[in-house]
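input38.cif (mmCIF, C-alpha atoms)
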data_final
#
loop_
_atom_site.group_PDB
_atom_site.id
_atom_site.type_symbol
_atom_site.label_atom_id
_atom_site.label_comp_id
_atom_site.auth_asym_id
_atom_site.auth_seq_id
_atom_site.Cartn_x
_atom_site.Cartn_y
_atom_site.Cartn_z
ATOM 1 C CA MET A 32 -2.184 22.226 24.215
ATOM 2 C CA SER A 33 -5.659 23.343 23.149
ATOM 3 C CA ILE A 34 -7.705 20.697 21.344
ATOM 4 C CA PRO A 35 -11.017 21.694 19.720
ATOM 5 C CA THR A 36 -14.177 19.690 20.244
ATOM 6 C CA THR A 37 -15.047 19.448 16.539
ATOM 7 C CA MET A 38 -13.059 19.132 13.318
ATOM 8 C CA ARG A 39 -13.266 18.986 9.550
ATOM 9 C CA ALA A 40 -13.353 15.463 8.057
ATOM 10 C CA LEU A 41 -14.344 13.447 4.994
ATOM 11 C CA GLN A 42 -17.314 11.205 5.701
ATOM 12 C CA GLN A 43 -18.242 8.197 3.567
ATOM 13 C CA ASN A 44 -22.030 8.079 3.367
ATOM 14 C CA SER A 45 -22.718 4.925 1.329
ATOM 15 C CA LEU A 46 -21.101 1.820 -0.111
ATOM 16 C CA ARG A 47 -21.510 3.094 -3.674
ATOM 17 C CA GLY A 48 -17.966 4.391 -3.897
ATOM 18 C CA PRO A 49 -15.927 7.525 -3.127
ATOM 19 C CA GLN A 50 -18.361 9.734 -5.055
ATOM 20 C CA ASP A 51 -20.519 9.590 -1.907
ATOM 21 C CA MET A 52 -17.751 10.955 0.303
ATOM 22 C CA ARG A 53 -18.522 14.412 1.693
ATOM 23 C CA SER A 54 -16.607 17.093 3.585
ATOM 24 C CA ILE A 55 -18.192 17.650 7.008
ATOM 25 C CA ALA A 56 -17.261 20.652 9.157
ATOM 26 C CA GLU A 57 -18.542 19.678 12.617
ATOM 27 C CA VAL A 58 -17.320 16.136 13.284
ATOM 28 C CA PRO A 59 -16.493 15.418 16.960
ATOM 29 C CA VAL A 60 -12.766 15.130 17.687
ATOM 30 C CA PRO A 61 -12.133 11.537 18.876
ATOM 31 C CA ALA A 62 -10.780 10.893 22.371
ATOM 32 C CA PRO A 63 -7.837 8.489 22.784
ATOM 33 C CA GLY A 64 -8.709 5.339 24.716
ATOM 34 C CA ARG A 65 -6.456 3.070 26.706
ATOM 35 C CA GLY A 66 -3.219 2.467 24.802
ATOM 36 C CA GLU A 67 -4.024 5.114 22.192
ATOM 37 C CA VAL A 68 -2.733 8.540 21.214
ATOM 38 C CA LEU A 69 -4.500 11.422 19.504
ATOM 39 C CA ILE A 70 -2.611 13.110 16.678
ATOM 40 C CA ARG A 71 -3.174 16.362 14.868
ATOM 41 C CA VAL A 72 -3.074 15.147 11.275
ATOM 42 C CA ALA A 73 -0.557 16.915 9.055
ATOM 43 C CA ALA A 74 -0.970 14.592 6.058
ATOM 44 C CA ALA A 75 -3.138 11.575 5.258
ATOM 45 C CA GLY A 76 -2.228 8.861 2.772
ATOM 46 C CA VAL A 77 -4.600 7.741 0.023
ATOM 47 C CA ASN A 78 -4.641 3.993 -0.692
ATOM 48 C CA PHE A 79 -6.581 1.456 -2.785
ATOM 49 C CA ALA A 80 -7.979 0.073 0.463
ATOM 50 C CA ASP A 81 -9.869 3.356 0.877
ATOM 51 C CA ILE A 82 -11.622 2.604 -2.415
ATOM 52 C CA SER A 83 -12.401 -0.986 -1.378
ATOM 53 C CA LYS A 84 -13.931 0.271 1.855
ATOM 54 C CA ALA A 85 -16.004 2.846 -0.018
ATOM 55 C CA HIS A 86 -17.411 0.043 -2.197
ATOM 56 C CA GLY A 87 -17.965 -2.333 0.713
ATOM 57 C CA THR A 88 -15.567 -4.954 -0.661
ATOM 58 C CA PHE A 89 -12.908 -4.632 2.050
ATOM 59 C CA ARG A 90 -12.979 -7.525 4.519
ATOM 60 C CA ASP A 91 -14.784 -6.425 7.723
ATOM 61 C CA GLY A 92 -14.773 -2.861 6.435
ATOM 62 C CA PRO A 93 -16.605 -0.005 8.185
ATOM 63 C CA GLN A 94 -20.278 0.673 7.639
ATOM 64 C CA PRO A 95 -21.375 4.174 6.574
ATOM 65 C CA PRO A 96 -21.477 6.803 7.680
ATOM 66 C CA TYR A 97 -17.833 6.766 8.784
ATOM 67 C CA VAL A 98 -14.831 9.077 8.690
ATOM 68 C CA ALA A 99 -12.730 7.743 5.805
ATOM 69 C CA GLY A 100 -9.008 7.092 5.575
ATOM 70 C CA PHE A 101 -6.660 5.018 7.697
ATOM 71 C CA GLU A 102 -3.067 6.233 7.135
ATOM 72 C CA ALA A 103 -1.799 9.514 8.553
ATOM 73 C CA ALA A 104 1.203 11.378 9.901
ATOM 74 C CA GLY A 105 1.107 14.181 12.436
ATOM 75 C CA GLU A 106 1.920 15.332 15.954
ATOM 76 C CA VAL A 107 0.821 13.578 19.140
ATOM 77 C CA VAL A 108 -1.388 16.001 21.086
ATOM 78 C CA ALA A 109 -2.905 13.725 23.769
ATOM 79 C CA ALA A 110 -2.545 10.207 25.157
ATOM 80 C CA GLY A 111 -4.925 7.733 26.753
ATOM 81 C CA ASP A 112 -4.345 5.570 29.804
ATOM 82 C CA ALA A 113 -1.383 3.170 29.942
ATOM 83 C CA VAL A 114 0.547 4.979 27.191
ATOM 84 C CA THR A 115 4.292 5.195 27.892
ATOM 85 C CA GLY A 116 5.156 6.628 24.495
ATOM 86 C CA PRO A 117 5.268 8.306 22.084
ATOM 87 C CA ALA A 118 5.177 11.510 24.118
ATOM 88 C CA VAL A 119 3.024 14.524 23.384
ATOM 89 C CA GLY A 120 4.803 16.597 20.752
ATOM 90 C CA THR A 121 6.316 13.608 18.925
ATOM 91 C CA ARG A 122 5.803 13.443 15.160
ATOM 92 C CA VAL A 123 4.524 9.999 14.176
ATOM 93 C CA VAL A 124 3.038 8.067 11.258
ATOM 94 C CA GLY A 125 0.636 5.166 11.618
ATOM 95 C CA VAL A 126 -2.612 3.495 10.657
ATOM 96 C CA GLY A 127 -5.971 3.648 12.422
ATOM 97 C CA ASP A 128 -9.517 4.726 11.698
ATOM 98 C CA GLY A 129 -10.561 8.122 10.371
ATOM 99 C CA ALA A 130 -7.380 9.545 8.839
ATOM 100 C CA PHE A 131 -9.158 11.919 6.444
ATOM 101 C CA ALA A 132 -9.668 14.455 9.206
ATOM 102 C CA GLU A 133 -7.883 17.094 11.239
ATOM 103 C CA TYR A 134 -7.425 14.697 14.186
ATOM 104 C CA MET A 135 -7.294 10.909 14.492
ATOM 105 C CA VAL A 136 -6.569 8.222 17.084
ATOM 106 C CA LEU A 137 -3.706 5.737 16.664
ATOM 107 C CA PRO A 138 -2.657 2.692 18.710
ATOM 108 C CA ALA A 139 0.388 3.951 20.608
ATOM 109 C CA VAL A 140 2.438 0.818 19.926
ATOM 110 C CA ALA A 141 1.903 1.220 16.184
ATOM 111 C CA ALA A 142 2.773 4.928 16.001
ATOM 112 C CA MET A 143 6.140 5.048 14.226
ATOM 113 C CA PRO A 144 8.321 8.136 14.731
ATOM 114 C CA VAL A 145 8.774 10.194 11.580
ATOM 115 C CA PRO A 146 12.469 9.882 10.590
ATOM 116 C CA PRO A 147 14.570 12.979 11.384
ATOM 117 C CA GLY A 148 14.538 15.458 8.538
ATOM 118 C CA TRP A 149 11.421 13.994 6.917
ATOM 119 C CA THR A 150 8.174 15.939 6.556
ATOM 120 C CA ALA A 151 4.848 14.367 7.502
ATOM 121 C CA GLU A 152 3.825 13.788 3.890
ATOM 122 C CA GLN A 153 7.228 12.273 3.074
ATOM 123 C CA ALA A 154 6.729 9.714 5.862
ATOM 124 C CA LEU A 155 3.451 8.453 4.394
ATOM 125 C CA GLY A 156 3.986 4.977 3.034
ATOM 126 C CA LEU A 157 6.418 3.874 5.744
ATOM 127 C CA VAL A 158 3.673 1.898 7.507
ATOM 128 C CA VAL A 159 1.712 0.735 4.428
ATOM 129 C CA ASN A 160 3.480 0.745 1.060
ATOM 130 C CA TRP A 161 7.089 0.030 2.035
ATOM 131 C CA PRO A 162 6.284 -2.790 4.516
ATOM 132 C CA THR A 163 3.945 -4.375 1.961
ATOM 133 C CA ALA A 164 6.586 -4.272 -0.767
ATOM 134 C CA LEU A 165 9.285 -5.529 1.597
ATOM 135 C CA ALA A 166 7.184 -8.394 2.963
ATOM 136 C CA ALA A 167 6.092 -9.422 -0.536
ATOM 137 C CA LEU A 168 9.615 -9.375 -1.926
ATOM 138 C CA LYS A 169 11.862 -10.704 0.809
ATOM 139 C CA PHE A 170 9.999 -12.214 3.726
ATOM 140 C CA LEU A 171 7.293 -14.059 1.762
ATOM 141 C CA GLY A 172 8.599 -13.932 -1.807
ATOM 142 C CA ARG A 173 12.132 -14.973 -0.713
ATOM 143 C CA VAL A 174 13.850 -13.031 -3.491
ATOM 144 C CA VAL A 175 17.601 -13.555 -3.896
ATOM 145 C CA ALA A 176 20.184 -11.845 -6.063
ATOM 146 C CA GLY A 177 20.085 -12.927 -9.683
ATOM 147 C CA GLU A 178 16.371 -13.778 -9.754
ATOM 148 C CA THR A 179 13.822 -12.044 -11.958
ATOM 149 C CA VAL A 180 10.858 -10.244 -10.383
ATOM 150 C CA LEU A 181 7.720 -9.162 -12.245
ATOM 151 C CA ILE A 182 6.173 -6.122 -10.535
ATOM 152 C CA HIS A 183 2.700 -5.014 -11.571
ATOM 153 C CA ALA A 184 1.451 -1.417 -11.166
ATOM 154 C CA ALA A 185 5.067 -0.338 -10.818
ATOM 155 C CA ALA A 186 4.265 3.381 -11.032
ATOM 156 C CA GLY A 187 2.094 3.269 -7.913
ATOM 157 C CA ALA A 188 3.345 3.889 -4.373
ATOM 158 C CA THR A 189 3.840 0.215 -3.462
ATOM 159 C CA GLY A 190 5.065 -0.615 -6.964
ATOM 160 C CA GLN A 191 7.733 2.074 -6.849
ATOM 161 C CA ALA A 192 8.855 0.830 -3.446
ATOM 162 C CA ALA A 193 9.013 -2.732 -4.788
ATOM 163 C CA VAL A 194 11.154 -1.723 -7.778
ATOM 164 C CA THR A 195 13.602 0.116 -5.508
ATOM 165 C CA LEU A 196 13.850 -2.796 -3.074
ATOM 166 C CA ALA A 197 14.100 -5.481 -5.746
ATOM 167 C CA LYS A 198 17.052 -3.700 -7.352
ATOM 168 C CA HIS A 199 18.666 -3.287 -3.924
ATOM 169 C CA TYR A 200 18.443 -7.047 -3.363
ATOM 170 C CA GLY A 201 20.068 -7.755 -6.724
ATOM 171 C CA ALA A 202 17.063 -8.857 -8.758
ATOM 172 C CA THR A 203 16.339 -8.206 -12.416
ATOM 173 C CA VAL A 204 13.098 -6.221 -12.538
ATOM 174 C CA ILE A 205 10.389 -6.540 -15.158
ATOM 175 C CA ALA A 206 7.854 -3.812 -14.413
ATOM 176 C CA THR A 207 4.418 -3.139 -15.834
ATOM 177 C CA ALA A 208 2.914 0.317 -16.097
ATOM 178 C CA GLY A 209 0.416 2.199 -18.189
ATOM 179 C CA PRO A 210 1.360 4.383 -21.144
ATOM 180 C CA GLY A 211 2.903 7.640 -20.010
ATOM 181 C CA LYS A 212 4.284 6.139 -16.771
ATOM 182 C CA HIS A 213 7.222 4.165 -18.171
ATOM 183 C CA GLU A 214 9.854 6.868 -17.652
ATOM 184 C CA ILE A 215 8.944 7.145 -13.964
ATOM 185 C CA VAL A 216 9.558 3.422 -13.512
ATOM 186 C CA ARG A 217 12.698 3.405 -15.655
ATOM 187 C CA ALA A 218 14.206 6.124 -13.449
ATOM 188 C CA LEU A 219 13.835 3.786 -10.459
ATOM 189 C CA GLY A 220 16.066 1.224 -12.151
ATOM 190 C CA ALA A 221 13.639 -1.247 -13.734
ATOM 191 C CA ASP A 222 15.440 -3.406 -16.295
ATOM 192 C CA HIS A 223 12.424 -3.993 -18.540
ATOM 193 C CA ILE A 224 9.101 -2.128 -18.714
ATOM 194 C CA LEU A 225 6.018 -3.650 -20.308
ATOM 195 C CA ASP A 226 2.656 -2.092 -21.079
ATOM 196 C CA SER A 227 0.251 -3.146 -18.333
ATOM 197 C CA GLY A 228 -2.555 -3.358 -20.893
ATOM 198 C CA SER A 229 -0.771 -5.790 -23.214
ATOM 199 C CA GLU A 230 -2.721 -8.946 -24.008
ATOM 200 C CA GLN A 231 0.582 -10.782 -24.570
ATOM 201 C CA LEU A 232 2.108 -9.882 -21.215
ATOM 202 C CA ALA A 233 2.762 -13.459 -20.039
ATOM 203 C CA ALA A 234 4.386 -14.350 -23.372
ATOM 204 C CA GLU A 235 6.542 -11.217 -23.221
ATOM 205 C CA VAL A 236 7.725 -12.123 -19.717
ATOM 206 C CA SER A 237 8.477 -15.681 -20.823
ATOM 207 C CA GLU A 238 10.515 -14.412 -23.760
ATOM 208 C CA LEU A 239 12.516 -12.041 -21.537
ATOM 209 C CA THR A 240 13.210 -14.695 -18.909
ATOM 210 C CA GLY A 241 13.424 -17.873 -20.946
ATOM 211 C CA GLY A 242 10.704 -19.593 -18.961
ATOM 212 C CA GLY A 243 9.017 -17.223 -16.514
ATOM 213 C CA ALA A 244 9.709 -14.907 -13.588
ATOM 214 C CA ASP A 245 11.054 -16.310 -10.318
ATOM 215 C CA LEU A 246 8.741 -14.006 -8.372
ATOM 216 C CA VAL A 247 5.589 -12.127 -9.353
ATOM 217 C CA LEU A 248 4.084 -9.358 -7.218
ATOM 218 C CA GLU A 249 0.378 -9.486 -8.103
ATOM 219 C CA CYS A 250 -1.669 -6.527 -6.916
ATOM 220 C CA VAL A 251 -4.185 -6.019 -9.733
ATOM 221 C CA GLY A 252 -6.626 -8.909 -9.750
ATOM 222 C CA GLY A 253 -9.194 -9.612 -12.424
ATOM 223 C CA ALA A 254 -7.749 -10.900 -15.682
ATOM 224 C CA THR A 255 -4.249 -9.857 -14.590
ATOM 225 C CA PHE A 256 -4.317 -12.571 -11.923
ATOM 226 C CA GLN A 257 -4.272 -15.308 -14.571
ATOM 227 C CA THR A 258 -1.535 -13.424 -16.438
ATOM 228 C CA SER A 259 0.544 -13.428 -13.263
ATOM 229 C CA LEU A 260 0.126 -17.176 -12.832
ATOM 230 C CA SER A 261 1.116 -17.789 -16.446
ATOM 231 C CA ALA A 262 4.124 -15.452 -16.171
ATOM 232 C CA ALA A 263 5.665 -17.301 -13.204
ATOM 233 C CA LYS A 264 8.303 -19.983 -13.635
ATOM 234 C CA ARG A 265 6.929 -23.515 -13.301
ATOM 235 C CA VAL A 266 7.342 -25.248 -9.919
ATOM 236 C CA THR A 267 9.788 -22.822 -8.302
ATOM 237 C CA GLY A 268 8.031 -19.579 -9.297
ATOM 238 C CA ARG A 269 6.299 -17.654 -6.514
ATOM 239 C CA VAL A 270 3.272 -15.376 -6.913
ATOM 240 C CA VAL A 271 2.555 -13.075 -3.966
ATOM 241 C CA VAL A 272 -0.976 -11.624 -4.132
ATOM 242 C CA TYR A 273 -1.576 -8.432 -2.131
ATOM 243 C CA GLY A 274 -4.262 -6.496 -4.012
ATOM 244 C CA LEU A 275 -7.334 -6.915 -6.201
ATOM 245 C CA PRO A 276 -8.596 -3.550 -7.501
ATOM 246 C CA GLY A 277 -9.381 -5.219 -10.835
ATOM 247 C CA GLY A 278 -11.819 -7.609 -9.203
ATOM 248 C CA GLU A 279 -11.812 -11.126 -7.797
ATOM 249 C CA ALA A 280 -10.200 -14.038 -9.629
ATOM 250 C CA ALA A 281 -10.007 -17.746 -8.880
ATOM 251 C CA ILE A 282 -7.758 -20.733 -9.353
ATOM 252 C CA THR A 283 -8.774 -24.354 -8.807
ATOM 253 C CA ASN A 284 -6.818 -27.232 -7.352
ATOM 254 C CA TRP A 285 -6.934 -28.866 -10.810
ATOM 255 C CA GLU A 286 -5.228 -25.798 -12.298
ATOM 256 C CA LEU A 287 -2.538 -25.847 -9.609
ATOM 257 C CA VAL A 288 -1.783 -29.495 -10.360
ATOM 258 C CA TYR A 289 -2.064 -29.525 -14.147
ATOM 259 C CA LYS A 290 -1.823 -25.961 -15.466
ATOM 260 C CA ASN A 291 -0.176 -23.455 -13.113
ATOM 261 C CA GLN A 292 2.328 -25.348 -10.999
ATOM 262 C CA ILE A 293 3.449 -22.349 -8.951
ATOM 263 C CA GLN A 294 3.744 -21.315 -5.301
ATOM 264 C CA LEU A 295 0.822 -19.018 -4.493
ATOM 265 C CA ILE A 296 1.092 -16.724 -1.458
ATOM 266 C CA GLY A 297 -1.492 -14.289 -0.080
ATOM 267 C CA LEU A 298 -0.478 -11.095 1.741
ATOM 268 C CA ASN A 299 -2.521 -8.581 3.717
ATOM 269 C CA ILE A 300 -0.358 -6.298 5.824
ATOM 270 C CA GLY A 301 -3.052 -5.935 8.509
ATOM 271 C CA VAL A 302 -3.348 -9.701 8.915
ATOM 272 C CA LEU A 303 0.449 -9.989 8.969
ATOM 273 C CA ILE A 304 0.618 -7.498 11.847
ATOM 274 C CA GLU A 305 -2.126 -9.288 13.772
ATOM 275 C CA SER A 306 -1.278 -12.941 13.104
ATOM 276 C CA ALA A 307 2.505 -12.849 12.738
ATOM 277 C CA PRO A 308 3.711 -9.904 14.862
ATOM 278 C CA GLN A 309 7.224 -11.326 15.173
ATOM 279 C CA LEU A 310 7.537 -11.531 11.384
ATOM 280 C CA PHE A 311 6.173 -8.012 11.032
ATOM 281 C CA GLY A 312 8.764 -6.873 13.569
ATOM 282 C CA GLU A 313 11.457 -8.381 11.355
ATOM 283 C CA VAL A 314 10.001 -6.553 8.343
ATOM 284 C CA MET A 315 10.066 -3.229 10.181
ATOM 285 C CA GLY A 316 13.548 -3.878 11.556
ATOM 286 C CA GLU A 317 14.779 -4.413 8.001
ATOM 287 C CA LEU A 318 12.933 -1.264 6.902
ATOM 288 C CA PHE A 319 14.535 0.848 9.659
ATOM 289 C CA GLY A 320 17.932 -0.388 8.492
ATOM 290 C CA LEU A 321 17.151 0.557 4.899
ATOM 291 C CA ILE A 322 16.097 4.027 6.037
ATOM 292 C CA ALA A 323 19.313 4.434 8.018
ATOM 293 C CA THR A 324 21.466 3.486 5.037
ATOM 294 C CA GLY A 325 19.569 5.721 2.617
ATOM 295 C CA ILE A 326 18.093 2.934 0.479
ATOM 296 C CA VAL A 327 14.613 4.066 1.514
ATOM 297 C CA ARG A 328 14.428 7.799 0.981
ATOM 298 C CA PRO A 329 11.721 10.399 1.619
ATOM 299 C CA ALA A 330 8.819 10.075 -0.796
ATOM 300 C CA ARG A 331 7.571 12.935 -2.943
ATOM 301 C CA PRO A 332 3.819 12.501 -2.750
ATOM 302 C CA ALA A 333 1.360 14.494 -4.806
ATOM 303 C CA THR A 334 -0.467 16.625 -2.237
ATOM 304 C CA HIS A 335 -4.086 17.776 -2.344
ATOM 305 C CA ASP A 336 -6.444 19.599 -0.026
ATOM 306 C CA LEU A 337 -8.545 17.366 2.195
ATOM 307 C CA ALA A 338 -11.728 18.542 0.481
ATOM 308 C CA ASP A 339 -10.423 17.149 -2.828
ATOM 309 C CA GLY A 340 -10.343 13.612 -1.411
ATOM 310 C CA PRO A 341 -13.267 12.227 -3.466
ATOM 311 C CA LYS A 342 -11.684 13.508 -6.701
ATOM 312 C CA VAL A 343 -8.266 12.069 -5.783
ATOM 313 C CA LEU A 344 -9.804 8.688 -4.929
ATOM 314 C CA ALA A 345 -11.661 8.653 -8.247
ATOM 315 C CA GLU A 346 -8.403 9.325 -10.111
ATOM 316 C CA LEU A 347 -6.680 6.522 -8.185
ATOM 317 C CA GLU A 348 -9.556 4.165 -8.986
ATOM 318 C CA ASN A 349 -9.214 5.070 -12.674
ATOM 319 C CA ARG A 350 -5.446 4.435 -12.467
ATOM 320 C CA THR A 351 -4.464 7.868 -13.710
ATOM 321 C CA THR A 352 -2.246 8.693 -10.727
ATOM 322 C CA ILE A 353 1.470 8.138 -10.121
ATOM 323 C CA GLY A 354 3.205 7.411 -6.835
ATOM 324 C CA LYS A 355 2.030 8.292 -3.346
ATOM 325 C CA LEU A 356 -0.977 10.577 -2.840
ATOM 326 C CA ALA A 357 -1.555 12.729 0.220
ATOM 327 C CA LEU A 358 -4.418 14.819 1.583
ATOM 328 C CA LEU A 359 -3.575 17.875 3.703
ATOM 329 C CA PRO A 360 -6.209 18.980 6.292
#
What's the structure tokens form of this structure?
Amino acid sequence: MSIPTTMRALQQNSLRGPQDMRSIAEVPVPAPGRGEVLIRVAAAGVNFADISKAHGTFRDGPQPPYVAGFEAAGEVVAAGDAVTGPAVGTRVVGVGDGAFAEYMVLPAVAAMPVPPGWTAEQALGLVVNWPTALAALKFLGRVVAGETVLIHAAAGATGQAAVTLAKHYGATVIATAGPGKHEIVRALGADHILDSGSEQLAAEVSELTGGGADLVLECVGGATFQTSLSAAKRVTGRVVVYGLPGGEAAITNWELVYKNQIQLIGLNIGVLIESAPQLFGEVMGELFGLIATGIVRPARPATHDLADGPKVLAELENRTTIGKLALLP
């Protein structure tokens, strides 16, 4: 299989944001190292973490200039030393460095086969959005049938996954979304949909639940973080925090004792993989089962040309997008 020496890619040139991302035509094709595979990228996923990296707020994020993106699906075209699989020719999806390009390197052990019958772009989200939603809901959030779950940003890729999973596990779903996105969330089965911009959101949740949500999936940050704390049921309510595009927010030990007596849980899927691999294996085992039974179905991402990456990232940052977003090299 012929592999070129250079490729087209999107390069982030500063930490001022995605507006300083540029399409470069002569980027060297990376070589797979020990335990790695090289894939020809068919589709790359766009995520909020790409925006955090572009602003320099992602923990231990790359320093510019760097090839942007980290989630991609494609075909294995070469393998490094000590790789026993996946074989050349296998279609996989995974996370690594430099996904916004025609070729990228993935750790072989983390390259997940694309489910039979799924396209590359449909498989995006299986290693980022769905595991995050599943870990937040079941493995950390401990949701059980009959509980009420508040899901922020429910029209986004992870939010949509969370709504689907929460309904599967028998929860009542209160979802938040911006104007114009409510019908998308309602079609997924959400029981109640609230305007994400409402200043009375916590009070509205309390009225619907008679005392607060059993579980809150907090992925917004900023002022919404305090809303999430206030919307959770006292003592037994859990708040799982897995995103902060709205900015940092804080809570003190005094507030935990006297104001917000809730169970606060932090989630970063990369840290979960690294620090609790057995737990992550359980998450993925559950996900494979949900795929097999048809609960998790192929996504329908909005696709864009690779060169449009900066524009797509800007739209995501401005929260005007819906669902999964994909770039096609």
Discussion item. Since I can't run it myself right now, could you work out what the PyMOL selection byres ((chain A and resi 117) around 12) selects here and report it as a PyMOL selection string?
Written reply: chain A and resi 66-70+106-111+113-116+118-125+137-145
Practice prompt. Expand the PyMOL selection byres ((chain A and resi 47-62) around 9) into the individual residues it matches in the shown file, reporting them as an MDAnalysis selection string.
Written response: chainID A and resid 34:46 63:64 67:69 81:87 98:99 109:111 132:136 337:342 344:345
Practice prompt. State, in Å with one decimal place, the distance from atom CA of A:Ala104 to atom CA of A:Val126.
Written response: 8.8 Å
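You can rank A:Ala357, A:Pro308, A:Ser227, A:Leu298 by their closest distance to A:Lys212 using all atoms listed in the file, and at the top of that list sits A:Ser227.
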Worksheet item: In Å to one decimal, how far is atom CA of A:Val270 from atom CA of A:Thr179?
Response: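 Going from atom CA of A:Thr179 over to atom CA of A:Val270 covers 12.2 Å.
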Fill in: Hits from the PyMOL selection byres ((chain A and resi 279) around 6), listed as a PyMOL selection string
chain A and resi 252-253+278+280
Fill in: Point-to-point distance from atom CA of A:Gly148 to atom CA of A:Ala323, Å rounded to tenths
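Atom-to-atom, atom CA of A:Gly148 and atom CA of A:Ala323 are spaced 12.0 Å apart.
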Practice prompt. Counting only C-alpha atoms, figure out which residue out of A:Phe311, A:Tyr273, A:Trp161, A:Tyr200 gets nearest to A:Val327.
Written response: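 Answer, going by the shortest atom-to-atom distance: A:Trp161.
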Could you produce a table of the residues of stretch 95-182 of chain A lying within 7 Å of stretch 229-249 of chain A, with the nearest pair of atoms per residue and their separation in Å rounded to one decimal, using all atoms listed in the file, ordered by chain and increasing residue number, as CSV?
residue,atom,partner,partner_atom,distance
A:Ala167,CA,A:Leu248,CA,7.0
A:Gly172,CA,A:Leu246,CA,6.6
A:Glu178,CA,A:Asp245,CA,5.9
A:Thr179,CA,A:Ala244,CA,5.3
A:Val180,CA,A:Leu246,CA,4.8
A:Leu181,CA,A:Val247,CA,4.7
A:Ile182,CA,A:Leu248,CA,5.1
Discussion item. Calculated over all atoms listed in the file, which of the candidates A:Ile326, A:Gly301, A:Gln309, A:Asp226 has the smallest distance to A:Thr163?
Written reply: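 For A:Thr163, the nearest of the given residues is A:Gly301.
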Please tabulate, as a tab-separated table, the residues of stretch 130-236 of chain A that come within 9 Å of stretch 349-353 of chain A, each with its closest pair of atoms and the distance in Å to one decimal, counting only C-alpha atoms and ordering rows by chain, then residue number upward.
residue	atom	partner	partner_atom	distance
A:Ala186	CA	A:Ile353	CA	5.6
A:Gly187	CA	A:Ile353	CA	5.4
A:Ala188	CA	A:Ile353	CA	7.4
A:Gly209	CA	A:Arg350	CA	8.5
A:Lys212	CA	A:Ile353	CA	7.5
A:Ile215	CA	A:Ile353	CA	8.5
Discussion item. Here is a test: counting all atoms listed in the file, which residue of A:Phe256, A:Gly297, A:Ala185, A:Gly201 is nearest to A:Arg217?
Written reply: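 Using all atoms listed in the file, the shortest distance to A:Arg217 belongs to A:Ala185.
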Discussion item. List as a PyMOL selection string the protein and nucleic acid residues near A:Leu359, meaning an atom at most 7 Å away when only C-alpha atoms are counted, but skip any in the same chain fewer than 6 places from it.
Written reply: chain A and resi 73-75+334-337
